[in-house]
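Visitor: Before I ask anything, here is the structure I am working with.
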2 protein chains.
Amino acid sequence: MSARATDERSGARSTHRAVPREKALTRQAEDYLKVIYEIEQGGSPAATTDIAEQLGIAAASVSGMLQRLARLGLVKVERYRGARLSASGRLIALQLIRRHRIIESFLVTKLGYGWDDVHEEAERLEHAASADLVDRMADALGNPTADPHGAPIPTAAGRVDERRLSSIADLPIGARARVVRMSDRDPELLRYLKKRGIVPGAILRLVEREPFDGPISLTVGRAKQSIGATAAAAVYVEKLARTDR
Amino acid sequence: MSARATDERSGARSTHRAVPREKALTRQAEDYLKVIYEIEQGGSPAATTDIAEQLGIAAASVSGMLQRLARLGLVKVERYRGARLSASGRLIALQLIRRHRIIESFLVTKLGYGWDDVHEEAERLEHAASADLVDRMADALGNPTADPHGAPIPTAAGRVDERRLSSIADLPIGARARVVRMSDRDPELLRYLKKRGIVPGAILRLVEREPFDGPISLTVGRAKQSIGATAAAAVYVEKLARTDR
DNA sequence: GAAATAAGTTAGTTCGTACTAACTTATTGT
DNA sequence: ACAATAAGTTAGTACGAACTAACTTATTTC
Ligand SMILES: [Mn+2]
Ligand SMILES: [Mn+2]
Ligand SMILES: [Mn+2]
Ligand SMILES: [Mn+2]
């Protein structure tokens, strides 16, 4: 209560402040920055349609917001070519991602949430939790470096492991690999994969692949599995030499 | 991500639903309902100006929102006379208060937050936390019935102890009383009172009171204290018979 | 290299939530 | 009783964030 429109998470502590204090971003603006960050990890600037699809909104809405974010200096937009984060936009995105992943870890470890069920809750809490709260959660967890889905947790300063991983879908036949992380978006898919032993840390070998996005056969431990292309694309792995264990 | 404007805390689980599902309220609407509830506890309908003052906004803004809340069937407004919650409005307010108080309890007990420092964080999280999360927190705490400031925690169904308490400011001279709860709004005031031993559970006796909102003398345990009228009004007590212990 | 298609932008609208200024109703004090 | 004051409402404006429809630019395909 007693919070004006601008008094948000980032700090309405002292009523009289000397510092200019940039006003807090809205939930929406934060989520835009996050999906732009994630799309950019693919290598190219974030296209309007891709952002729209990730957020479940119309492309026209994205064009509008990108102009606002550009005005705020958070993204660089090249007309008809997509958006890239500026340094300050990237920092905000990474801090949001940090909050998200620590919250997910906390919910799973301390409150008994299921692995597959935690993303949506975190998607809202990430905008309401202060950096202080998130640091306390991280401490309570022993400052983990990865979330329950294997995704790396950025530091408060915005440093994070950005190495690109290949998905099962990219593996050559015969390759051995360790599952490092998986997409956390679809609870159903996560439950499906878990049931088959495909979780971070699992070691698998690609046996065969049918063309035209056909089924992919692989061994997980001693068991043999066959999964579809969509499922395979959601699992990120690290290739192992045949000698690796 | 992938949340349309209406997909909020209250549940966008199943994409195809039969139930009409009333759309989630905004943070602002929820906070209005909460302050109306709190003002109404004083006995009379919530006046426009009082709501405005509690929320730190202009009275004109309140007039507008009250019409919207009335349209939604959450309040009954009598023009120029103030607003009262409808049954459904009250339920929403009590569920929000439940979330707030459980979150405060959790932050203090499980994450080492200070008693005095927890209100503002809860004020934001209460709108983002699902009922499920809040129930898990309550379980982890052993389902407490009061928050760290002594305020009773409503049940999920919206039942709560609404008995009215008198504040120290109302105590007659010579009365013995037990501190039951205190206002959680002002961290500074809470620290001040705590330093003097005035916390929920403390037993005190009113020794003397100067007129014109003058200082109030009281004993807290064996110590003698003198506090101002504003501080006294923030501490709610239960009178004890002289024989009570 | 032009036509077809896909991607992106602009214009115009809506809704929630705030604001200030001007006006209206209620309460109070003499 | 009625003027002064306090409380409340309306009108008009602004901004963020969404939408659809219509138009423009880029890319692909023949
Ligand atoms: Mn997630
Ligand atoms: Mn989010
Ligand atoms: Mn509180
Ligand atoms: Mn709140």
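If you're wondering about the labels, chains in the structure tokens are A, B, ... by order shown, residues count from 1 in each chain, ligands from 1 in order shown.
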Would you give me, as a ChimeraX atom specification, the residues of chain B that come within 9 Å of chain C, using only C-alpha atoms (C1' of nucleotides)?

Guide: /B:26,28,57-58,60-61,65,80

Visitor: Let's have the selection written as a PDB file, in the first residue's frame, with N, CA, C and O atoms.

Guide:
ATOM      1  N   THR B  26      -6.141  -6.496 -11.308  1.00  0.00           N
ATOM      2  CA  THR B  26      -4.810  -5.897 -11.310  1.00  0.00           C
ATOM      3  C   THR B  26      -4.328  -5.722  -9.874  1.00  0.00           C
ATOM      4  O   THR B  26      -5.103  -5.760  -8.922  1.00  0.00           O
ATOM      5  N   GLN B  28      -3.424  -2.991  -8.592  1.00  0.00           N
ATOM      6  CA  GLN B  28      -4.067  -1.816  -8.023  1.00  0.00           C
ATOM      7  C   GLN B  28      -5.436  -2.145  -7.457  1.00  0.00           C
ATOM      8  O   GLN B  28      -5.755  -1.764  -6.333  1.00  0.00           O
ATOM      9  N   ILE B  57      -2.575   8.358  -3.404  1.00  0.00           N
ATOM     10  CA  ILE B  57      -2.998   8.883  -4.702  1.00  0.00           C
ATOM     11  C   ILE B  57      -4.053   9.962  -4.513  1.00  0.00           C
ATOM     12  O   ILE B  57      -4.514  10.204  -3.393  1.00  0.00           O
ATOM     13  N   ALA B  58      -4.450  10.621  -5.606  1.00  0.00           N
ATOM     14  CA  ALA B  58      -5.420  11.719  -5.518  1.00  0.00           C
ATOM     15  C   ALA B  58      -6.836  11.171  -5.341  1.00  0.00           C
ATOM     16  O   ALA B  58      -7.167  10.091  -5.839  1.00  0.00           O
ATOM     17  N   ALA B  60      -9.519  12.091  -6.705  1.00  0.00           N
ATOM     18  CA  ALA B  60     -10.220  11.935  -7.981  1.00  0.00           C
ATOM     19  C   ALA B  60      -9.968  10.555  -8.585  1.00  0.00           C
ATOM     20  O   ALA B  60     -10.862   9.954  -9.179  1.00  0.00           O
ATOM     21  N   SER B  61      -8.757  10.053  -8.410  1.00  0.00           N
ATOM     22  CA  SER B  61      -8.434   8.730  -8.951  1.00  0.00           C
ATOM     23  C   SER B  61      -9.258   7.661  -8.251  1.00  0.00           C
ATOM     24  O   SER B  61      -9.685   6.675  -8.869  1.00  0.00           O
ATOM     25  N   MET B  65     -11.852   4.673  -9.738  1.00  0.00           N
ATOM     26  CA  MET B  65     -11.675   3.243  -9.484  1.00  0.00           C
ATOM     27  C   MET B  65     -12.877   2.659  -8.754  1.00  0.00           C
ATOM     28  O   MET B  65     -13.255   1.514  -9.017  1.00  0.00           O
ATOM     29  N   TYR B  80     -21.105  10.094  -2.492  1.00  0.00           N
ATOM     30  CA  TYR B  80     -20.758  11.060  -1.441  1.00  0.00           C
ATOM     31  C   TYR B  80     -20.692  10.452  -0.049  1.00  0.00           C
ATOM     32  O   TYR B  80     -20.511  11.170   0.925  1.00  0.00           O
TER      33      TYR B  80
END

Visitor: Using only C-alpha atoms, which chain B residues lie at most 9 Å away from chain A, written as number ranges by chain?

Guide: B: 1-4, 8-9, 31-32, 34-35, 52-57, 107, 110-113, 120-121, 123-130, 133, 136-137, 140, 185

Visitor: Skipping near chain neighbours, those fewer than 5 positions away, what residues fall within 9 Å of Glu208 (chain A) using only C-alpha atoms (C1' of nucleotides), listed as JSON, numbers by chain?

Guide: {"A": [172, 173, 174, 215, 216, 217, 218]}

Visitor: Would you mind exporting the chosen residues as a CSV table (one decimal), in the first residue's frame, restricted to all heavy atoms?

Guide:
chain,number,residue,atom,x,y,z
A,172,PRO,N,25.2,-36.1,-34.0
A,172,PRO,CA,25.5,-37.1,-35.0
A,172,PRO,C,25.2,-38.5,-34.5
A,172,PRO,O,25.3,-38.7,-33.3
A,172,PRO,CB,26.9,-36.9,-35.3
A,172,PRO,CG,27.5,-36.3,-34.1
A,172,PRO,CD,26.4,-35.5,-33.4
A,173,ILE,N,24.9,-39.4,-35.4
A,173,ILE,CA,24.7,-40.7,-35.0
A,173,ILE,C,25.9,-41.3,-34.3
A,173,ILE,O,27.0,-41.1,-34.8
A,173,ILE,CB,24.2,-41.6,-36.2
A,173,ILE,CG1,22.8,-41.2,-36.6
A,173,ILE,CG2,24.2,-43.1,-35.9
A,173,ILE,CD1,22.3,-41.7,-37.9
A,174,GLY,N,25.7,-42.0,-33.2
A,174,GLY,CA,26.8,-42.7,-32.5
A,174,GLY,C,27.4,-41.9,-31.4
A,174,GLY,O,28.1,-42.4,-30.6
A,215,PRO,N,11.4,-40.0,-35.7
A,215,PRO,CA,11.9,-40.4,-34.4
A,215,PRO,C,13.4,-40.6,-34.2
A,215,PRO,O,14.0,-40.9,-35.2
A,215,PRO,CB,11.1,-41.7,-34.1
A,215,PRO,CG,10.7,-42.2,-35.4
A,215,PRO,CD,10.5,-41.0,-36.3
A,216,ILE,N,13.9,-40.3,-33.0
A,216,ILE,CA,15.3,-40.4,-32.8
A,216,ILE,C,15.5,-41.5,-31.7
A,216,ILE,O,14.8,-41.4,-30.7
A,216,ILE,CB,15.8,-39.0,-32.2
A,216,ILE,CG1,15.8,-38.0,-33.3
A,216,ILE,CG2,17.2,-39.2,-31.6
A,216,ILE,CD1,15.9,-36.6,-32.9
A,217,SER,N,16.3,-42.4,-32.0
A,217,SER,CA,16.5,-43.5,-31.1
A,217,SER,C,17.8,-43.2,-30.3
A,217,SER,O,18.8,-42.8,-30.9
A,217,SER,CB,16.7,-44.9,-31.8
A,217,SER,OG,15.8,-45.1,-32.8
A,218,LEU,N,17.7,-43.5,-29.0
A,218,LEU,CA,18.9,-43.3,-28.2
A,218,LEU,C,18.9,-44.2,-27.0
A,218,LEU,O,17.9,-44.7,-26.6
A,218,LEU,CB,19.0,-41.8,-27.8
A,218,LEU,CG,17.8,-41.0,-27.5
A,218,LEU,CD1,17.2,-41.4,-26.1
A,218,LEU,CD2,18.1,-39.5,-27.6

Visitor: What residues in chain B have any atom no more than 10 Å from chain D when counting only C-alpha atoms (C1' of nucleotides), and can you write them as a CSV table (one decimal) with N, CA and C atoms, in the first residue's frame?

Guide:
chain,number,residue,atom,x,y,z
B,4,ARG,N,-0.6,-13.7,-21.8
B,4,ARG,CA,-1.4,-12.6,-22.3
B,4,ARG,C,-1.8,-11.8,-21.1
B,5,ALA,N,-2.3,-10.6,-21.4
B,5,ALA,CA,-2.6,-9.6,-20.3
B,5,ALA,C,-3.5,-10.3,-19.2
B,47,ALA,N,-14.3,6.1,3.2
B,47,ALA,CA,-14.4,7.3,2.5
B,47,ALA,C,-13.3,7.5,1.5
B,48,THR,N,-13.7,8.2,0.4
B,48,THR,CA,-12.8,8.4,-0.8
B,48,THR,C,-11.5,8.9,-0.3
B,49,THR,N,-11.5,10.0,0.5
B,49,THR,CA,-10.2,10.6,1.0
B,49,THR,C,-9.4,9.6,1.8
B,59,ALA,N,-7.7,11.9,-4.7
B,59,ALA,CA,-9.0,11.5,-4.4
B,59,ALA,C,-9.8,11.3,-5.7
B,60,ALA,N,-9.5,12.1,-6.7
B,60,ALA,CA,-10.2,11.9,-8.0
B,60,ALA,C,-10.0,10.6,-8.6
B,62,VAL,N,-9.5,7.9,-7.0
B,62,VAL,CA,-10.3,6.9,-6.2
B,62,VAL,C,-11.7,6.9,-6.7
B,63,SER,N,-12.3,8.0,-6.9
B,63,SER,CA,-13.7,8.1,-7.4
B,63,SER,C,-13.8,7.2,-8.7
B,64,GLY,N,-12.9,7.3,-9.6
B,64,GLY,CA,-12.9,6.6,-10.8
B,64,GLY,C,-12.8,5.1,-10.5
B,79,ARG,N,-23.0,7.3,-3.3
B,79,ARG,CA,-22.4,8.5,-3.8
B,79,ARG,C,-22.3,9.5,-2.6
B,80,TYR,N,-21.1,10.1,-2.5
B,80,TYR,CA,-20.8,11.1,-1.4
B,80,TYR,C,-20.7,10.5,0.0
B,81,ARG,N,-20.9,9.1,0.0
B,81,ARG,CA,-20.9,8.5,1.4
B,81,ARG,C,-19.9,7.4,1.6
B,82,GLY,N,-19.2,7.0,0.5
B,82,GLY,CA,-18.1,6.0,0.7
B,82,GLY,C,-18.5,4.6,0.2

Visitor: If you run DSSP on the backbone, which residues of region 43-100 of chain B are alpha helix (DSSP H), as a PyMOL selection string?

Guide: chain B and resi 48-55+59-71+87-100

Visitor: Once DSSP has gone over the backbone, tell me which residues of region 48-126 of chain B are in strand (DSSP E), as a VMD selection string.

Guide: chain B and resid 75 to 78 82 to 85

Visitor: Write the selection just made, keeping all heavy atoms, as a tab-separated table (two decimals), in the first residue's frame?

Guide:
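Result file selection.tsv:
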chain	number	residue	atom	x	y	z
B	75	VAL	N	-17.61	-3.81	-4.84
B	75	VAL	CA	-17.95	-2.86	-3.78
B	75	VAL	C	-19.34	-2.29	-4.03
B	75	VAL	O	-19.84	-2.32	-5.16
B	75	VAL	CB	-16.95	-1.67	-3.69
B	75	VAL	CG1	-15.53	-2.15	-3.48
B	75	VAL	CG2	-17.04	-0.81	-4.94
B	76	LYS	N	-19.94	-1.79	-2.97
B	76	LYS	CA	-21.18	-1.04	-3.08
B	76	LYS	C	-20.81	0.41	-2.76
B	76	LYS	O	-20.29	0.69	-1.68
B	76	LYS	CB	-22.20	-1.52	-2.05
B	76	LYS	CG	-23.52	-1.96	-2.60
B	76	LYS	CD	-23.55	-3.43	-3.07
B	76	LYS	CE	-23.73	-4.39	-1.90
B	76	LYS	NZ	-23.48	-5.80	-2.27
B	77	VAL	N	-21.10	1.31	-3.69
B	77	VAL	CA	-20.74	2.71	-3.45
B	77	VAL	C	-22.01	3.52	-3.27
B	77	VAL	O	-22.95	3.39	-4.07
B	77	VAL	CB	-19.94	3.28	-4.65
B	77	VAL	CG1	-19.55	4.72	-4.38
B	77	VAL	CG2	-18.72	2.44	-4.92
B	78	GLU	N	-22.05	4.33	-2.23
B	78	GLU	CA	-23.14	5.27	-2.09
B	78	GLU	C	-22.53	6.64	-2.33
B	78	GLU	O	-21.63	7.06	-1.60
B	78	GLU	CB	-23.74	5.20	-0.68
B	78	GLU	CG	-25.21	4.84	-0.67
B	78	GLU	CD	-25.74	4.80	0.75
B	78	GLU	OE1	-25.22	4.01	1.57
B	78	GLU	OE2	-26.65	5.60	1.05
B	82	GLY	N	-19.17	7.04	0.52
B	82	GLY	CA	-18.14	6.02	0.71
B	82	GLY	C	-18.50	4.65	0.18
B	82	GLY	O	-19.60	4.43	-0.34
B	83	ALA	N	-17.56	3.72	0.30
B	83	ALA	CA	-17.70	2.39	-0.29
B	83	ALA	C	-17.66	1.31	0.78
B	83	ALA	O	-17.00	1.45	1.80
B	83	ALA	CB	-16.57	2.15	-1.29
B	84	ARG	N	-18.37	0.23	0.50
B	84	ARG	CA	-18.31	-0.98	1.32
B	84	ARG	C	-18.05	-2.15	0.40
B	84	ARG	O	-18.55	-2.18	-0.72
B	84	ARG	CB	-19.67	-1.26	1.99
B	84	ARG	CG	-20.00	-0.38	3.15
B	84	ARG	CD	-21.41	-0.71	3.64
B	84	ARG	NE	-21.78	0.16	4.74
B	84	ARG	CZ	-21.31	0.04	5.99
B	84	ARG	NH1	-20.46	-0.93	6.27
B	84	ARG	NH2	-21.68	0.89	6.93
B	85	LEU	N	-17.34	-3.13	0.90
B	85	LEU	CA	-17.08	-4.32	0.10
B	85	LEU	C	-18.34	-5.16	-0.02
B	85	LEU	O	-19.12	-5.28	0.93
B	85	LEU	CB	-15.99	-5.16	0.76
B	85	LEU	CG	-14.60	-4.55	0.84
B	85	LEU	CD1	-13.66	-5.48	1.59
B	85	LEU	CD2	-14.05	-4.25	-0.55

Visitor: Find the residues of chain B that sit at most 12 Å from ligand 3; for each, write down the nearest two atoms and how far apart they are in Å, to one decimal. Count only C-alpha atoms and all ligand atoms. Sort by chain, then by number going up, and give it as CSV.

Guide:
residue,atom,partner,partner_atom_place_in_ligand_line,distance
B:Lys34,CA,ligand 3,1 (Mn),11.4
B:Val35,CA,ligand 3,1 (Mn),11.9
B:Leu96,CA,ligand 3,1 (Mn),11.1
B:Ile97,CA,ligand 3,1 (Mn),8.6
B:Arg98,CA,ligand 3,1 (Mn),10.4
B:Arg99,CA,ligand 3,1 (Mn),10.1
B:His100,CA,ligand 3,1 (Mn),6.4
B:Arg101,CA,ligand 3,1 (Mn),6.4
B:Ile102,CA,ligand 3,1 (Mn),9.7
B:Ile103,CA,ligand 3,1 (Mn),9.0
B:Glu104,CA,ligand 3,1 (Mn),6.7
B:Ser105,CA,ligand 3,1 (Mn),9.6
B:Leu107,CA,ligand 3,1 (Mn),11.3
B:Val108,CA,ligand 3,1 (Mn),11.6
B:Trp115,CA,ligand 3,1 (Mn),9.8
B:Asp116,CA,ligand 3,1 (Mn),9.3
B:Asp117,CA,ligand 3,1 (Mn),9.3
B:Val118,CA,ligand 3,1 (Mn),6.9
B:His119,CA,ligand 3,1 (Mn),4.0
B:Glu120,CA,ligand 3,1 (Mn),7.0
B:Glu121,CA,ligand 3,1 (Mn),8.6
B:Ala122,CA,ligand 3,1 (Mn),6.4
B:Glu123,CA,ligand 3,1 (Mn),6.7
B:Arg124,CA,ligand 3,1 (Mn),10.4
B:Leu125,CA,ligand 3,1 (Mn),11.0
B:Glu126,CA,ligand 3,1 (Mn),9.9
B:Ala146,CA,ligand 3,1 (Mn),11.7
B:Asp147,CA,ligand 3,1 (Mn),8.6
B:Pro148,CA,ligand 3,1 (Mn),9.0
B:His149,CA,ligand 3,1 (Mn),8.0
B:Gly150,CA,ligand 3,1 (Mn),10.5
B:Ala151,CA,ligand 3,1 (Mn),8.9
B:Pro152,CA,ligand 3,1 (Mn),11.4
B:Ile153,CA,ligand 3,1 (Mn),11.3
B:Arg181,CA,ligand 3,1 (Mn),11.7
B:Met182,CA,ligand 3,1 (Mn),10.2
B:Ser183,CA,ligand 3,1 (Mn),8.0
B:Asp184,CA,ligand 3,1 (Mn),5.2
B:Arg185,CA,ligand 3,1 (Mn),6.5
B:Asp186,CA,ligand 3,1 (Mn),9.6
B:Pro187,CA,ligand 3,1 (Mn),10.4
B:Leu190,CA,ligand 3,1 (Mn),11.8

Visitor: Can those selected residues be exported to a file as a compact mmCIF listing (two decimals), in the first residue's frame so that it contains N, CA and C atoms?

Guide:
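That gives us part.txt:
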# COMPACT_ATOMS: atom_id res chain seq x y z
N LYS B 34 -8.13 -4.14 -0.45
CA LYS B 34 -7.50 -4.34 0.86
C LYS B 34 -7.66 -3.11 1.74
N VAL B 35 -7.39 -1.92 1.19
CA VAL B 35 -7.50 -0.76 2.08
C VAL B 35 -8.96 -0.49 2.42
N LEU B 96 -6.12 -11.76 -0.20
CA LEU B 96 -4.90 -10.96 -0.39
C LEU B 96 -4.20 -10.76 0.95
N ILE B 97 -4.96 -10.47 1.97
CA ILE B 97 -4.38 -10.27 3.30
C ILE B 97 -3.73 -11.56 3.79
N ARG B 98 -4.37 -12.67 3.50
CA ARG B 98 -3.76 -13.97 3.84
C ARG B 98 -2.40 -14.11 3.16
N ARG B 99 -2.38 -13.83 1.87
CA ARG B 99 -1.10 -13.94 1.17
C ARG B 99 -0.06 -13.02 1.80
N HIS B 100 -0.46 -11.79 2.05
CA HIS B 100 0.46 -10.81 2.63
C HIS B 100 1.05 -11.32 3.95
N ARG B 101 0.21 -11.79 4.81
CA ARG B 101 0.67 -12.13 6.16
C ARG B 101 1.48 -13.41 6.19
N ILE B 102 1.11 -14.36 5.34
CA ILE B 102 1.92 -15.57 5.28
C ILE B 102 3.28 -15.25 4.67
N ILE B 103 3.29 -14.43 3.65
CA ILE B 103 4.57 -14.05 3.06
C ILE B 103 5.45 -13.34 4.09
N GLU B 104 4.88 -12.42 4.83
CA GLU B 104 5.67 -11.75 5.87
C GLU B 104 6.23 -12.76 6.87
N SER B 105 5.41 -13.68 7.28
CA SER B 105 5.86 -14.68 8.25
C SER B 105 7.00 -15.50 7.67
N LEU B 107 9.11 -14.73 5.24
CA LEU B 107 10.34 -13.96 5.06
C LEU B 107 11.09 -13.81 6.38
N VAL B 108 10.33 -13.60 7.46
CA VAL B 108 10.97 -13.42 8.76
C VAL B 108 11.53 -14.74 9.26
N TRP B 115 11.79 -8.02 11.30
CA TRP B 115 10.42 -7.77 11.63
C TRP B 115 9.92 -6.46 11.01
N ASP B 116 10.76 -5.47 11.08
CA ASP B 116 10.41 -4.11 10.71
C ASP B 116 10.54 -3.90 9.20
N ASP B 117 11.14 -4.86 8.50
CA ASP B 117 11.60 -4.57 7.16
C ASP B 117 10.83 -5.32 6.09
N VAL B 118 9.80 -6.00 6.51
CA VAL B 118 9.26 -7.04 5.67
C VAL B 118 8.00 -6.59 4.93
N HIS B 119 7.41 -5.54 5.40
CA HIS B 119 6.11 -5.14 4.88
C HIS B 119 6.16 -4.77 3.40
N GLU B 120 7.13 -3.97 3.03
CA GLU B 120 7.18 -3.48 1.66
C GLU B 120 7.38 -4.60 0.66
N GLU B 121 8.25 -5.54 1.00
CA GLU B 121 8.47 -6.69 0.11
C GLU B 121 7.16 -7.47 -0.06
N ALA B 122 6.47 -7.69 1.05
CA ALA B 122 5.21 -8.45 1.00
C ALA B 122 4.15 -7.70 0.19
N GLU B 123 4.23 -6.39 0.25
CA GLU B 123 3.23 -5.57 -0.45
C GLU B 123 3.27 -5.83 -1.96
N ARG B 124 4.44 -6.20 -2.48
CA ARG B 124 4.53 -6.54 -3.91
C ARG B 124 4.29 -8.01 -4.17
N LEU B 125 4.92 -8.84 -3.35
CA LEU B 125 4.82 -10.29 -3.59
C LEU B 125 3.39 -10.80 -3.47
N GLU B 126 2.62 -10.21 -2.62
CA GLU B 126 1.23 -10.66 -2.40
C GLU B 126 0.44 -10.72 -3.70
N ALA B 146 -0.97 -16.15 13.20
CA ALA B 146 -0.70 -14.72 13.25
C ALA B 146 0.63 -14.41 12.56
N ASP B 147 0.74 -13.22 12.00
CA ASP B 147 1.97 -12.83 11.32
C ASP B 147 2.96 -12.24 12.33
N PRO B 148 4.14 -11.81 11.88
CA PRO B 148 5.15 -11.36 12.84
C PRO B 148 4.73 -10.12 13.64
N HIS B 149 3.74 -9.40 13.15
CA HIS B 149 3.28 -8.22 13.88
C HIS B 149 2.07 -8.52 14.74
N GLY B 150 1.71 -9.79 14.81
CA GLY B 150 0.58 -10.18 15.65
C GLY B 150 -0.76 -10.15 14.93
N ALA B 151 -0.77 -9.83 13.66
CA ALA B 151 -2.03 -9.76 12.93
C ALA B 151 -2.50 -11.16 12.57
N PRO B 152 -3.79 -11.42 12.72
CA PRO B 152 -4.31 -12.76 12.45
C PRO B 152 -4.29 -13.08 10.97
N ILE B 153 -4.03 -14.33 10.62
CA ILE B 153 -3.96 -14.75 9.22
C ILE B 153 -5.27 -15.39 8.83
N ARG B 181 -0.99 -6.96 18.84
CA ARG B 181 -0.42 -6.72 17.52
C ARG B 181 -0.08 -5.25 17.36
N MET B 182 0.66 -4.98 16.28
CA MET B 182 1.01 -3.60 16.01
C MET B 182 0.97 -3.33 14.52
N SER B 183 0.80 -2.08 14.20
CA SER B 183 0.80 -1.67 12.80
C SER B 183 2.16 -1.98 12.19
N ASP B 184 2.15 -2.45 10.95
CA ASP B 184 3.42 -2.84 10.33
C ASP B 184 3.92 -1.84 9.29
N ARG B 185 3.27 -0.71 9.21
CA ARG B 185 3.58 0.22 8.13
C ARG B 185 4.93 0.92 8.23
N ASP B 186 5.33 1.27 9.42
CA ASP B 186 6.49 2.15 9.54
C ASP B 186 7.66 1.42 10.22
N PRO B 187 8.66 1.04 9.43
CA PRO B 187 9.80 0.30 9.98
C PRO B 187 10.49 1.04 11.13
N LEU B 190 8.55 0.70 14.26
CA LEU B 190 8.66 -0.66 14.79
C LEU B 190 9.98 -0.88 15.51

Visitor: Please indicate the distance in Å from CA of Tyr236 (chain B) to CA of Leu74 (chain B), rounded to one decimal place.

Guide: 29.2 Å

Visitor: Can you tell me, as a list in words, what residues are no more than 10 Å from Arg164 (chain B) when counting only C-alpha atoms (C1' of nucleotides), ignoring any on the same chain fewer than 2 positions away?

Guide: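 The contact residues come out as Gln41, Gly42, Gly43, Asp161, Glu162, Ser166, Ser167, Tyr236, Val237 and Glu238 of chain B.
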